[in-house]
Amino acid sequence: MGKRFYITTAIDYTNGAPHLGHAYEKVVTDVIARAHRAMGEEVFFVTGLDEHGQKVQQAAAAEGKDPMTYCDELALQWLALAKDLGLSNDDFIRTTEARHKAVVHAILSKLHASGDLYSQPYQGWYSVKEETFLTEKDRNPNGSWDPKWGQVIPLTEENWYFRMARHQDWLVAHIEANPSFIAPACRRNEVLGFLRSEKLADLCISRPASRLSWGIPLPFAPDWVTYVWFDALTNYVTVAADHGDPAVLHPLGLPAPASPMAQPPLALWPADIHVIGKDIIKFHAVYWPIMLHAAGLPLPLQILTHGWWQKDGQKLSKSTGNVVDPIAVIRDWGLDAFRYYVLRELAIGPDGNWTDEGFQSRYNAELANGLGNLLNRAVNMLNKYRDGIVPAPSDELAPDASRAVENTSQLLRQNDLQGALVAIWDLVSRANLYVEQTQPFKLAKDSAQAPRLDQVLYNLVESCRILAILLAPFLPDTSRRILGQLGIPAPAHPHVWPLTAWGGLQRGHKVAAPQPLFPRKDLKPMA
RNA sequence: GCCAGGGUAGCUCAGCGGUAGAGCAGGGGACUCAUAAGCCCUUGGUCGGGAGUUCGAUUCUCCCCCCUGGCACCA
């Protein structure tokens, strides 16, 4: 039972419909998962939903539904998104599942027993209308409360807290000793910056059940439910526990689960990468490591933080209609066009800007004119001049192909998906240039040049075959379609990287008919 | 306010001591296998402002201006 490469997305909070940001994070994670599979690793990729909490409770009530029904209905929408995005996830976690409650209870019980949790009254100003405590920051400069809060009353409430401050020095040391723990580096610096300058406050981990019923009760104090942290973050170990991972079961004192999911048991924990958005970095780079440390569990190896998307230089906003609907883009342009644009346009880290013009420009220039046209002209010429029969191998472009494979592999290992696509397109450009330099359409007119034409055609279709393999993690469907046109069946297993070796196409092999991969589209405003 | 990172061709960015580069966009050309795609050539910048160090600064130092991100419950 070898340790699998375990990668997660953040779980999404189900108080609305999915948008570009959600879709982006999932695509990034999917590509990394597929890349590791391609390069020979056993991978476990999980995404899911965070379904508890006040907003869900309120949204359900507003629709006259009980929360579980509300969550079940929304979950269908999110499962559909995962399918539409072509995700290769191995599990899908929902925090309302029984398997999750068991693990949350186990962690909380362990921390309670070890004295890491304590209860304490909190007194503050409470908005009855909004059902939330207010702070001095919510107060108007003149000391009054904004009318939007309605009636504001002083309220005392007992809650449970998690001792964090005593782990602060340990965490700083851990981050310093593990430079790749928080990526990219600018995020690491930010986390170190505030960890060094501010003393961590203990974390309030509960809400009275009387005020928030939609949650997991504290195992040692059922009049409270656990509040977000131990509920949402714990999902990552829930999945491992549910698949029978002893690295989680033993420290938490959990029995091996009876579920079929745990047969055979998998070794998942610790996670290799948590992919998250920059907005939740403190939870993943500060709270989560401390929670795990206190519970005696190993830490994830990397918190990989991506940026946010804007549209036309403006913040995405439902109220102003400045949104990108990933489902609509996929419907109109195809899944791989969507995946390509978000991966190629934005490196993992900085914020990005979606423009319809940019999308169409990359679609036409890079997918249609670059990759698609290369395949089309290569397959077309082989059909036209050699009845689709592959000639004897020739290795004129082998060094270029192997450079592309080498660069792509290296960049993928660094999670530089954007850089890897650039490296792959270097080969696309090289092969297109090769056509101009060798002019096979002229060679075809002179029977004395037949041997030379054979060489050129082989180099072209073989380059296309290697491109299909390199693209498999990024554009799985396109990869299959290229192989299809080359008359090659889809690989039987995901560990395809050995197929990047030059010379895979055999003499005498018959390719299929050419068909445009990405039909060119006229530039016009997107629907 | 504090911390960090930036301000270089129309756009996105690389360069970081020896008087500027790429991709895209714009302009021109030869070709024709191809999704009128691809290929070749090309216009275009007092490198945010000022001072200093230096034989010499886009590159180093200082000051100023502007932008972005972070500063503890938004992917």
# chains A, B, ... in the order shown; residues from 1 in each chain; ligands from 1
call {"tool": "residues_around", "arguments": {"residues": "G69 of chain B", "least_positions_apart": "2", "cutoff": "12 Å", "atoms": "only C-alpha atoms (C1' of nucleotides)", "output": "list in words"}}
result
Cys186, Arg187, Asn189, Glu190, Lys278, Asp279, Gly307, Trp308, Gly349, Pro350 and Asp351 of chain A; C3, A4, G5, G6, C67 and C71 of chain B
call {"tool": "select_by_dssp", "arguments": {"residues": "segment 124-363 of chain A", "states": "alpha helix (DSSP H)", "output": "ChimeraX atom specification"}}
result
/A:168-177,185-197,235-242,246-252,281-282,288-295,326-333,335-345,356-362
call {"tool": "interface_residues", "arguments": {"of": "chain A", "to": "chain B", "cutoff": "8 Å", "atoms": "only C-alpha atoms (C1' of nucleotides)", "output": "PyMOL selection string"}}
result
chain A and resi 20-22+24-25+186+189-190+193-194+276-277+279+282+308+368-369+372-374+376-378+380-381+432-433+436+440-441+516+518-520
call {"tool": "write_last_selection", "arguments": {"atoms": "C-alpha atoms", "output": "mmCIF file, in the first residue's frame"}}
result
data_model
loop_
_atom_site.group_PDB
_atom_site.id
_atom_site.type_symbol
_atom_site.label_atom_id
_atom_site.label_comp_id
_atom_site.auth_asym_id
_atom_site.auth_seq_id
_atom_site.Cartn_x
_atom_site.Cartn_y
_atom_site.Cartn_z
ATOM 1 C CA LEU A 20 -15.492 31.253 -12.597
ATOM 2 C CA GLY A 21 -13.398 31.181 -9.438
ATOM 3 C CA HIS A 22 -14.749 27.823 -8.368
ATOM 4 C CA TYR A 24 -10.745 27.690 -12.077
ATOM 5 C CA GLU A 25 -9.585 26.147 -8.835
ATOM 6 C CA CYS A 186 4.755 36.001 -1.830
ATOM 7 C CA ASN A 189 5.980 36.040 3.113
ATOM 8 C CA GLU A 190 2.583 37.435 3.945
ATOM 9 C CA GLY A 193 4.702 38.659 8.148
ATOM 10 C CA PHE A 194 1.596 38.560 10.248
ATOM 11 C CA ILE A 276 -6.922 27.037 -2.278
ATOM 12 C CA GLY A 277 -7.841 30.618 -3.085
ATOM 13 C CA ASP A 279 -8.816 34.464 0.613
ATOM 14 C CA LYS A 282 -4.773 31.979 6.852
ATOM 15 C CA TRP A 308 -8.713 35.753 -8.127
ATOM 16 C CA ALA A 368 -7.314 26.771 -33.894
ATOM 17 C CA ASN A 369 -4.425 28.249 -35.913
ATOM 18 C CA GLY A 372 -5.500 22.509 -34.583
ATOM 19 C CA ASN A 373 -4.128 23.601 -37.913
ATOM 20 C CA LEU A 374 -0.872 21.752 -37.353
ATOM 21 C CA ASN A 376 -4.973 19.181 -39.708
ATOM 22 C CA ARG A 377 -2.228 19.892 -42.233
ATOM 23 C CA ALA A 378 -0.104 16.982 -41.014
ATOM 24 C CA ASN A 380 -4.205 15.825 -44.384
ATOM 25 C CA MET A 381 -0.860 15.617 -46.176
ATOM 26 C CA ASN A 432 4.515 24.509 -38.054
ATOM 27 C CA LEU A 433 7.800 26.128 -38.967
ATOM 28 C CA GLU A 436 7.484 25.878 -44.152
ATOM 29 C CA PRO A 440 6.301 18.803 -48.245
ATOM 30 C CA PHE A 441 3.669 20.013 -50.723
ATOM 31 C CA PRO A 516 -10.620 20.462 -37.353
ATOM 32 C CA PHE A 518 -11.010 23.751 -32.817
ATOM 33 C CA PRO A 519 -13.131 25.241 -35.588
ATOM 34 C CA ARG A 520 -12.217 28.866 -36.130
#
